[in-house]
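> My questions will all concern the structure given below.
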Amino acid sequence: MGNNVKSYLEMREITKTYRTYDHAVVVALKGANLRVRKGTVHAVLGENGAGKTTLMEILAGVLKKDSGTIYFKGQKLEVENASQAFAQGIGMVHQRLSLIEDFTVAENIVLGIEPTNRLGIINLEQIEKKVSKFFQESGFALEASGIVNTLSIGQRQKVEIMRALYRGADLLILDEPTSALTEQEVQDLFRLINVFKKQGKTIIFITHKIEEVLDIADELTVLRKGRTIGEGQIKDFSKKEIIQMIMGEPISLRIERIPLRKGKILLSVRDLSVSSNGNLERVKNISFDLKEGEITAIAGVSGNGQKELVEAIFGLRLPATGKILVNSKDITNLLPRGRREMGISYIPEDRMNLGSSLKSSLMENVIVDKYYKPPFSERGWRQIDLCKKYAEKLVSNYNIKIPDVDCCVGTLSGGNIQRVIIARELTTDFTILIAQEPTMGLDLGSIKYVYNLLLEMRNEGKTILLLTSDMDEIINLSDRILVMYRGEIVANLDNNLKPITKEEIGEYMLGIKRQNHIELLG
Amino acid sequence: MIIPLIDSVIYTMLAATTPVVLAALGVMFTNFSGMFNIALEGMMLVSAFFSVFVVDITSNLWLGMIAGIGAATILGLSIFFICHYFHAEIFIVGMGANLIATGLTTFMAVQLKGSSSLIFENVPKLRRIAIPIIENIPILRGLSGHYVIDYLAIAISVICYILVFYTPYGYHLRTIGKDEWVAKTLGISITKHQFISYLWCGFLCGLGGAVLSLPVGVFLGGPVGMANGRGWLAIAVLCLGQENPLNILAAALFIGATSALSDLLQVTTSLSPRLLMALPFAAALIAIVFYMAKEHKTSLGIKI
Amino acid sequence: MKSKIIITFIGVFLGVTIFTLVGFAGPSTAILIPGTIGDNPLFQEDIKGAKEAAEIAGLKEPKVVEGGDDYASYEKKLISLAATNQYDILVTFTDSMADSIVKVANMFPEQKFILVYGDIHLATEEIPPNLFSSKFRSEDQGYLAGYFAGLVTKSNLPNANEELKIGIMMPDIYPAWNDILIPAYEHGAKAVDPNIEVIQSVLGSWVDVSKGAQAAKMQFAQGVDIILLLTGSACMGAVDEAKVEGKYIIGFNTNIIHLEPDVILGCVLINNREEVKNILLRAYKNTLPFGTEEVVGAKEGVVSFTFDDPNYKQRVPEEIQIAMLECYKRLQNGEINPLGD
Ligand SMILES: Nc1ncnc2c1ncn2[C@@H]1O[C@H](COP(=O)(O)OP(=O)(O)OP(=O)(O)O)[C@@H](O)[C@H]1O
Ligand SMILES: [Mg+2]
């Protein structure tokens with residue numbers, strides 16, 4: 001039977017059921033098929049929770065399938081764990097990054113296959129040299145001795161890709177690699193993918209962004225609710241058809257944003273300077289105001305101080321100098337809970353570590369910012385029934401796919417975890433929202449839903465600080481755009497006066513242009 | 001007059017360090033593997049019992065040491081298997097193991113000699129080993145004349161350091177400790193490493209228990225037992241030393257030094273003995289508080 | 001399923017209760033041990049004494065109840081023993097039981113109680129009429145030990161040094177030790193030479209042997225050459241340390257010289273077995289003056305020293321042996337006040 005398989009990779013009738021300790025059962029794959037030809041870029045598409053990640057992790061040996069067969073290079077593939085899959089030439093870059101933050105790049109790359117001397121001792125210098133050489137050969141600029149936690153998400157993604165290649169992957173699986181990358185970084189990645197393709201490698205590519213699919217992929221497979229519901233050549237489909245296949249209905253991200261009259265100032269940042277862990281000054285003397293009924297975007301190439309700025313505003317990092325005022329009250333020394341009580345809400349970029357507690361239930365995750373207040377607690381007693389009802393309401397409002405609210409959040413698909421966080425942060429009495437990559441990993445339908453929500457909130461008179469790597473999101477949503485370059489604000493652009501173009505922002509982002517003081521005041 | 005005092009402070013410090021550093025290294029391994037073992041006290045106690053018991057039967061110190069290590073390892077592995085196969089809460093199983101160790105050793109001691117304290121007569125005892133030249137140098141003299149396990153403890157700390165930071169095994173272990181997910185995606189077996197870490201913990205706590213009973217040929221059971229809180233101090237030491245075996249050694253030496261200091265002040269000053277007895281524990285507590293405060297500040301990005 | 005478990009529990013509970021009640025029937029004397037018998041040779045001797053008394057009087061063997069490690073339960077156990085109404089006499093020991101026994105004696109005026117080596121005045125000024133109490137003069141013990149330590153540290157025994165320092169080591173802090181025993185020890189030593197200095201260590205544990213060894217090491221480094229070990233097995237670590245360092249030890253309450261004859265030169269003893277036997281025999285003959293207290297010590301022969309131990313005789317210099325006997329006689333005659341004037 002294996003002999004008449006023409007494809008490079010064929011997965012047939014794969015099923016997978018997750019069972020958790022509290023006996024909740026989730027059927028993630030109900031007989032999914034995937035056929036991939038050698039030397040192509042193959043897009044795997046589907047809405048949140050469709051089973052894309054599950055299917056790929058089975059292929060990469062991280063998960064075990066319940067039933068079904070896999071043929072790879074004409075032979076039946078049976079792998080017990082990830083290192084066996086690596087040995088077969090299957091490498092995967094996971095949706096949830098899998099790097100050890102305090103290890104160096106080189107250490108992360110060789111992790112699991114460390115070379116040693118005769119005594120079993122590792123020589124770090126030698127490894128760094130080897131990895132550096134490998135980077136150079138693949139035309140890749142990255143410091144092998146750098147510590148991973150100093151790298152941007154995009155750079156980390158590259159480290160993961162390099163790790164897969166270092167281990168000799170012929171089949172490279174990329175699970176939503178672009179969701180946190182800036183446009184520039186996405187272009188870099190695509191260039192890299194094209195190089196791999198030329199070398200005869202095969203790439204499986206998962207994304208929710210249709211433009212990217214049209215850009216880079218040759219073929220596609222669409223999953224819905226654990227089944228394969230479409231496959232074929234990209235050139236045979238239009239953008240609309242692809243969206244229709246994924247979501248079951250046509251969706252457009254176009255939204256109506258009517259300019260509002262400017263309201264009063266809700267949050268002001270005055271002469272703020274913030275240092276990174278390594279004591280580098282990352283934010284330099286920044287001042288700006290956020291006004292009622294306004295969405296303000298902060299644009300910038302990642303690593304220009306946006307992360308530190310947001311952390312300082314929310315109280316995760318103490319500023320070196322400067323003040324942060326909410327309704328003219330100084331909150332510079334408040335802890336995050338105090339700031340939440342001043343009306344700040346925060347959707348963090350790192351949804352797995354900062355945004356949610358993966359080992360806690362959904363109910364606990366959505367009440368964690370308010371469990372101590374009435375009506376969730378009355379006279380020191382937690383109102384469990386009420387909390388549960390509240391959580392169930394959020395699950396249905398935000399269409400979160402979860403068996404019940406006591407399941408832990410770690411079992412959800414990437415997009416569903418994002419929905420949990422958005423549900424929690426938007427269902428409070430906030431006046432100021434800091435939204436960092438709010439649509440990261442969401443499918444089109446959910447993105448649309450979130451956009452509408454954000455606009456609704458703005459129209460109610462709230463203020464939103466938006467940080468995102470998606471330029472279209474910035475241009476479509478924001479009233480005002482601040483551009484950060486090397487820790488300073490270099491441009492203050494009003495998107496309502498005349499529509500700003502991507503190119504214009506790009507010039508400021510790269511430091512080619514810079515506004516003068518008067519322009520900066522807006 | 002002052003020189004012999006310094007000698008004995010150094011000597012006592014090292015002697016007090018040994019069981020604590022061994023147990024702390026043991027719990028370090030289990031901490032890396034993500035199954036934090038709190039049953040150190042119990043493991044030391046069973047080892048203290050079985051090692052001296054076997055020496056009494058066989059008159060062979062090495063066999064006794066092996067028996068102690070074996071007993072501690074069996075207790076450790078039972079904790080591991082209960083938690084692994086029945087998904088039991090590790091802390092509760094660990095507490096249970098501590099209680100069982102106290103009960104079991106006391107029960108067996110009473111069965112054997114009708115008393116929870118076994119004072120064996122005419123058993124061979126662990127001998128002190130003098131280091132030829134050092135034993136005659138004032139002050140350095142405190143480094144000489146220890147038991148074989150004391151010297152071993154220092155060597156083991158260094159070996160653990162190399163193991164943790166310079167071998168693939170150490171890398172895999174630390175990977176699991178930092179993020180199990182990463183280990184899984186790279187095909188590093190978590191269960192296997194948890195199992196091995198419990199073997200380590202058994203071996204190290206076994207040695208730590210043997211050094212309590214073998215030098216004197218005595219086992220003392222009862223509600224507190226002769227481990228006398230060292231297993232808990234070891235956890236404090238781990239908090240201070242974190243994941244570096246040499247830091248753990250340093251932290252254990254610090255605790256040992258406070259213990260020696262408390263003994264010294266009792267015989268040289270008229271400070272309240274009650275206060276002085278609490279010194280090592282108070283020192284551990286204060287050190288941890290300071291350490292945590294420092295960690296907290298670094299996490300907020302404050303210069304210190 | 002659940003009801004089955006409950007029924008099993010109730011069954012076991014009832015069974016145990018009935019068993020204990022039936023087990024109690026018979027003897028007319030009951031002994032409550034405040035602690036465990038196993039690790040305390042004193043209690044073992046007490047029980048032997050009580051058994052001997054019963055044998056001589058031709059009575060049933062006394063019932064022995066072990067209190068265990070749960071201090072809080074002793075009083076309850078005493079009450080339940082009294083409540084069974086099956087024993088003529090209830091016996092218990094030590095200072096720690098003084099409060100409880102007075103309280104229970106007042107609760108059950110018909111029942112007779114005896115407290116051995118416990119200071120009843122810790123609990124009350126007025127001794128209940130159904131209670132007899134006997135207390136040992138621990139100052140006699142302290143003085144004897146101190147005198148011996150003084151003689152040894154000044155002697156030319158091979159391991160005695162120039163310095164006039166002696167040590168005392170105890171597992172924990174007790175008022176009775178602090179106020180009586182230690183001052184008497186000091187007095188005894190100063191009677192030999194007023195320049196002798198006493199150094200003390202408290203271990204904070206009854207069972208931590210290594211701690212005992214480490215504390216002894218500190219004392220030896222200070223110039224101490226002989227240490228009195230007050231009970232507590234943790235002090236055994238000191239014996240070992242003394243052997244390595246070549247120093248001496250004095251034992252307390254029971255004779256432990258055979259453990260390390262070269263190191264343990266002598267022990268102060270209390271003959272509690274005879275005392276318990278005596279008291280009970282008097283009680284059986286109805287000659288025991290209930291409602292009063294007796295204090296016994298060297299004079300009554302209850303406190304003594306290892307004068308007859310063959311190792312002592314062989315290893316301790318003749319003149320020290322003679323001096324010790326002399327001192328003991330003077331204590332017995334009341335010529336010495338062990339706590340000074
Ligand atoms: N460890 C787990 N335990 C239980 N259920 C799980 C687990 N991992 C995933 N699931 C469930 O399986 C289904 C498929 O998840 P999967 O991660 O494959 O989705 P996905 O297609 O990758 O979605 P997304 O686009 O959001 O990443 C989801 O309903 C999810 O809740
Ligand atoms: Mg996914």
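Chain labels follow the order of the structure tokens: the first chain is A, the next B, and so on; residue numbering restarts at 1 in every chain, and ligands are counted from 1 in their shown order.
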Can you pull out every residue with an atom within 10 Å of ligand 1? Use only C-alpha atoms and all ligand atoms and format it as a ChimeraX atom specification.

/A:16-21,24-29,44-58,63,95-96,175-176,206-208,223-226,400-403,407-419,440-443

> Within 6 Å of C:Pro338, counting only C-alpha atoms, which residues show up once you throw out same-chain ones fewer than 5 positions away? Write them as a list in words, please.

Glu139, Tyr143 and Ala184 of chain C

> DSSP on the backbone, helix (DSSP H, G or I) only: what residues of stretch 80-226 of chain C does that give? Format it as a ChimeraX atom specification.

/C:80-84,95-107,120-122,138-154,175-192,209-221

> Dump as a PyMOL selection string the residues of chain C that approach chain B to within 9 Å, counting only C-alpha atoms.

chain C and resi 36-40+69+172-173+199-211+213-223+233-234+236-237+239-241+244+258-260

> List every residue of chain A that has an atom at most 10 Å from any atom of chain B, and for each one report the closest atom pair and its distance in Å to one decimal, counting only C-alpha atoms, with rows sorted by chain and then by increasing residue number, as a tab-separated table.


```
residue	atom	partner	partner_atom	distance
A:Tyr21	CA	B:His87	CA	8.8
A:Glu57	CA	B:Thr185	CA	8.7
A:Ala60	CA	B:Thr185	CA	8.2
A:Gly61	CA	B:Gly187	CA	8.0
A:Val62	CA	B:Thr185	CA	5.7
A:Leu63	CA	B:Lys184	CA	9.2
A:Glu80	CA	B:Gly187	CA	8.7
A:Asn81	CA	B:Gly187	CA	5.2
A:Ala82	CA	B:Gly187	CA	4.1
A:Ser83	CA	B:Gly187	CA	4.5
A:Gln84	CA	B:Gly187	CA	7.5
A:Ala85	CA	B:Gly187	CA	8.7
A:Phe86	CA	B:Leu186	CA	8.4
A:Gly91	CA	B:Leu186	CA	9.7
A:Met92	CA	B:Thr185	CA	8.5
A:Val93	CA	B:Thr185	CA	9.2
A:His94	CA	B:Thr185	CA	8.2
A:Arg96	CA	B:Trp181	CA	9.0
A:Leu97	CA	B:Val182	CA	8.2
A:Ser98	CA	B:Val182	CA	4.7
A:Leu99	CA	B:Val182	CA	6.3
A:Ile100	CA	B:Thr175	CA	6.8
A:Glu101	CA	B:Lys178	CA	8.6
A:Asp102	CA	B:Lys178	CA	9.0
A:Phe103	CA	B:Thr175	CA	9.2
A:Glu107	CA	B:Tyr171	CA	8.7
A:Asn108	CA	B:Thr175	CA	9.5
A:Val110	CA	B:Pro168	CA	9.7
A:Leu111	CA	B:Tyr171	CA	7.2
A:Gly112	CA	B:Leu186	CA	6.3
A:Ile113	CA	B:Pro168	CA	7.9
A:Glu114	CA	B:Pro168	CA	5.9
A:Pro115	CA	B:Pro168	CA	8.1
A:Thr116	CA	B:Thr167	CA	7.5
A:Asn117	CA	B:Thr167	CA	9.7
A:Leu119	CA	B:Thr167	CA	9.3
A:Gly120	CA	B:Thr167	CA	6.2
A:Ile121	CA	B:Thr167	CA	5.0
A:Ile122	CA	B:Tyr166	CA	5.0
A:Asn123	CA	B:Tyr166	CA	7.4
A:Leu124	CA	B:Tyr166	CA	8.1
A:Val274	CA	B:Gly301	CA	8.7
A:Ser275	CA	B:Gly301	CA	6.9
A:Ser276	CA	B:Gly301	CA	6.3
A:Asn277	CA	B:Gly301	CA	5.1
A:Gly278	CA	B:Gly301	CA	8.2
A:Asn279	CA	B:Lys303	CA	7.2
A:Glu308	CA	B:Gly301	CA	9.9
A:Glu311	CA	B:Leu300	CA	9.5
A:Ala312	CA	B:Leu300	CA	9.3
A:Gly315	CA	B:Leu300	CA	8.6
A:Leu316	CA	B:Leu300	CA	6.2
A:Arg317	CA	B:Leu300	CA	4.5
A:Leu318	CA	B:Leu300	CA	5.8
A:Pro319	CA	B:Gly301	CA	8.3
A:Ala320	CA	B:Ile302	CA	8.0
```

> So which residues touch stretch 134-136 of chain C within 12 Å, counting only C-alpha atoms, skipping near sequence neighbours fewer than 4 positions away, as a ChimeraX atom specification?

/C:91-95,98,113-122,127,140-142,176,180-181,253,269-272,275-276,278-280,288-304

> Kindly give the distance, in Å, that separates atom CA of C:Ile56 and atom CA of C:Tyr87, rounded to a single decimal.

18.3 Å

> What gap, in Å, lies between atom CA of C:Ala123 and atom CA of C:Val102?

7.0 Å

> Between atom CA of A:Thr439 and atom CA of A:Gly487, what distance in Å does the model show, to one decimal?

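Distance between the two atoms: 24.6 Å.
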
> Name the residues of stretch 190-299 of chain C that fall into strand (DSSP E) according to DSSP on the backbone, using the chain letters and numbers of this document, as a list in words.

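After running DSSP on the backbone, stretch 190-299 of chain C has strand (DSSP E) at Glu197, Val198, Ile199, Gln200, Ser201, Val202, Ile226, Ile227, Leu228, Leu229, Tyr248, Ile249, Ile250, Gly251, Phe252, Asn253, Ile264, Leu265, Gly266, Cys267, Val268, Leu269, Ile270, Glu293, Glu294, Val295 and Val296 of chain C.
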
> Write the residues of the selection above to a file with N, CA, C and O atoms, as an mmCIF file, in the first residue's frame.


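Below is the file result.cif, written as the result:
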```
data_model
loop_
_atom_site.group_PDB
_atom_site.id
_atom_site.type_symbol
_atom_site.label_atom_id
_atom_site.label_comp_id
_atom_site.auth_asym_id
_atom_site.auth_seq_id
_atom_site.Cartn_x
_atom_site.Cartn_y
_atom_site.Cartn_z
ATOM 1 N N GLU C 197 35.429 27.290 86.712
ATOM 2 C CA GLU C 197 34.379 27.981 85.951
ATOM 3 C C GLU C 197 33.513 26.928 85.264
ATOM 4 O O GLU C 197 34.034 25.942 84.740
ATOM 5 N N VAL C 198 32.174 27.161 85.249
ATOM 6 C CA VAL C 198 31.272 26.206 84.602
ATOM 7 C C VAL C 198 30.786 26.783 83.277
ATOM 8 O O VAL C 198 30.349 27.927 83.215
ATOM 9 N N ILE C 199 30.897 25.987 82.226
ATOM 10 C CA ILE C 199 30.423 26.429 80.905
ATOM 11 C C ILE C 199 29.264 25.546 80.488
ATOM 12 O O ILE C 199 29.348 24.320 80.590
ATOM 13 N N GLN C 200 28.170 26.178 80.044
ATOM 14 C CA GLN C 200 27.025 25.327 79.694
ATOM 15 C C GLN C 200 26.582 25.486 78.242
ATOM 16 O O GLN C 200 26.762 26.531 77.622
ATOM 17 N N SER C 201 26.028 24.395 77.703
ATOM 18 C CA SER C 201 25.468 24.405 76.349
ATOM 19 C C SER C 201 24.075 23.807 76.389
ATOM 20 O O SER C 201 23.848 22.815 77.063
ATOM 21 N N VAL C 202 23.180 24.437 75.646
ATOM 22 C CA VAL C 202 21.834 23.888 75.491
ATOM 23 C C VAL C 202 21.688 23.475 74.035
ATOM 24 O O VAL C 202 21.995 24.255 73.132
ATOM 25 N N ILE C 226 35.931 18.125 81.218
ATOM 26 C CA ILE C 226 34.932 17.143 81.657
ATOM 27 C C ILE C 226 33.544 17.773 81.593
ATOM 28 O O ILE C 226 33.360 18.933 81.965
ATOM 29 N N ILE C 227 32.600 17.009 81.053
ATOM 30 C CA ILE C 227 31.240 17.552 80.866
ATOM 31 C C ILE C 227 30.229 16.646 81.553
ATOM 32 O O ILE C 227 30.295 15.415 81.409
ATOM 33 N N LEU C 228 29.298 17.267 82.276
ATOM 34 C CA LEU C 228 28.157 16.520 82.814
ATOM 35 C C LEU C 228 27.044 16.554 81.768
ATOM 36 O O LEU C 228 26.627 17.623 81.325
ATOM 37 N N LEU C 229 26.572 15.364 81.394
ATOM 38 C CA LEU C 229 25.504 15.296 80.395
ATOM 39 C C LEU C 229 24.181 15.073 81.100
ATOM 40 O O LEU C 229 23.969 14.025 81.696
ATOM 41 N N TYR C 248 36.708 13.912 79.203
ATOM 42 C CA TYR C 248 35.906 13.055 80.086
ATOM 43 C C TYR C 248 34.447 13.491 80.142
ATOM 44 O O TYR C 248 34.097 14.635 79.847
ATOM 45 N N ILE C 249 33.621 12.523 80.576
ATOM 46 C CA ILE C 249 32.165 12.739 80.633
ATOM 47 C C ILE C 249 31.651 12.224 81.972
ATOM 48 O O ILE C 249 32.174 11.244 82.510
ATOM 49 N N ILE C 250 30.635 12.891 82.523
ATOM 50 C CA ILE C 250 29.919 12.366 83.691
ATOM 51 C C ILE C 250 28.488 12.068 83.268
ATOM 52 O O ILE C 250 27.844 12.894 82.613
ATOM 53 N N GLY C 251 28.010 10.878 83.630
ATOM 54 C CA GLY C 251 26.646 10.499 83.267
ATOM 55 C C GLY C 251 25.664 10.923 84.342
ATOM 56 O O GLY C 251 26.045 11.302 85.449
ATOM 57 N N PHE C 252 24.383 10.842 83.999
ATOM 58 C CA PHE C 252 23.340 11.394 84.867
ATOM 59 C C PHE C 252 22.193 10.399 84.999
ATOM 60 O O PHE C 252 21.746 9.831 84.007
ATOM 61 N N ASN C 253 21.745 10.178 86.223
ATOM 62 C CA ASN C 253 20.584 9.333 86.539
ATOM 63 C C ASN C 253 20.845 7.835 86.430
ATOM 64 O O ASN C 253 20.508 7.094 87.335
ATOM 65 N N ILE C 264 33.709 7.896 80.058
ATOM 66 C CA ILE C 264 32.716 8.182 81.082
ATOM 67 C C ILE C 264 33.293 7.718 82.420
ATOM 68 O O ILE C 264 33.376 6.524 82.706
ATOM 69 N N LEU C 265 33.735 8.679 83.219
ATOM 70 C CA LEU C 265 34.442 8.305 84.444
ATOM 71 C C LEU C 265 33.486 7.919 85.557
ATOM 72 O O LEU C 265 33.762 7.019 86.333
ATOM 73 N N GLY C 266 32.362 8.594 85.650
ATOM 74 C CA GLY C 266 31.419 8.269 86.712
ATOM 75 C C GLY C 266 30.040 8.800 86.377
ATOM 76 O O GLY C 266 29.871 9.565 85.430
ATOM 77 N N CYS C 267 29.028 8.347 87.161
ATOM 78 C CA CYS C 267 27.669 8.837 86.929
ATOM 79 C C CYS C 267 27.012 9.096 88.275
ATOM 80 O O CYS C 267 27.199 8.324 89.219
ATOM 81 N N VAL C 268 26.237 10.185 88.361
ATOM 82 C CA VAL C 268 25.406 10.371 89.542
ATOM 83 C C VAL C 268 24.132 9.587 89.318
ATOM 84 O O VAL C 268 23.546 9.654 88.246
ATOM 85 N N LEU C 269 23.701 8.861 90.356
ATOM 86 C CA LEU C 269 22.575 7.945 90.169
ATOM 87 C C LEU C 269 21.404 8.367 91.024
ATOM 88 O O LEU C 269 21.571 9.019 92.055
ATOM 89 N N ILE C 270 20.214 7.982 90.597
ATOM 90 C CA ILE C 270 19.115 8.015 91.556
ATOM 91 C C ILE C 270 18.512 6.624 91.592
ATOM 92 O O ILE C 270 18.305 5.981 90.562
ATOM 93 N N GLU C 293 4.054 15.553 101.743
ATOM 94 C CA GLU C 293 5.095 15.471 100.720
ATOM 95 C C GLU C 293 6.377 15.001 101.383
ATOM 96 O O GLU C 293 6.660 15.343 102.533
ATOM 97 N N GLU C 294 7.157 14.223 100.673
ATOM 98 C CA GLU C 294 8.433 13.752 101.197
ATOM 99 C C GLU C 294 9.531 14.196 100.255
ATOM 100 O O GLU C 294 9.344 14.184 99.039
ATOM 101 N N VAL C 295 10.652 14.604 100.820
ATOM 102 C CA VAL C 295 11.784 14.965 99.956
ATOM 103 C C VAL C 295 12.919 14.012 100.283
ATOM 104 O O VAL C 295 13.304 13.878 101.451
ATOM 105 N N VAL C 296 13.438 13.331 99.275
ATOM 106 C CA VAL C 296 14.490 12.347 99.529
ATOM 107 C C VAL C 296 15.719 12.664 98.704
ATOM 108 O O VAL C 296 15.629 13.264 97.629
#
```

> Compile the contact shell of C:Ala54 as a PyMOL selection string: residues with an atom at most 12 Å away, counting only C-alpha atoms, same-chain residues fewer than 3 positions apart removed.

chain C and resi 27-30+47-51+57-63+89+276-285

> Need to verify the contact set: A:Tyr346, 10 Å, only C-alpha atoms, exclusion of same-chain residues closer than 4 positions in sequence. Can you return it as an MDAnalysis selection string?

chainID A and resid 310:311 313:314 336 340 355 421:422 424:426 430 432:436 438 464:465
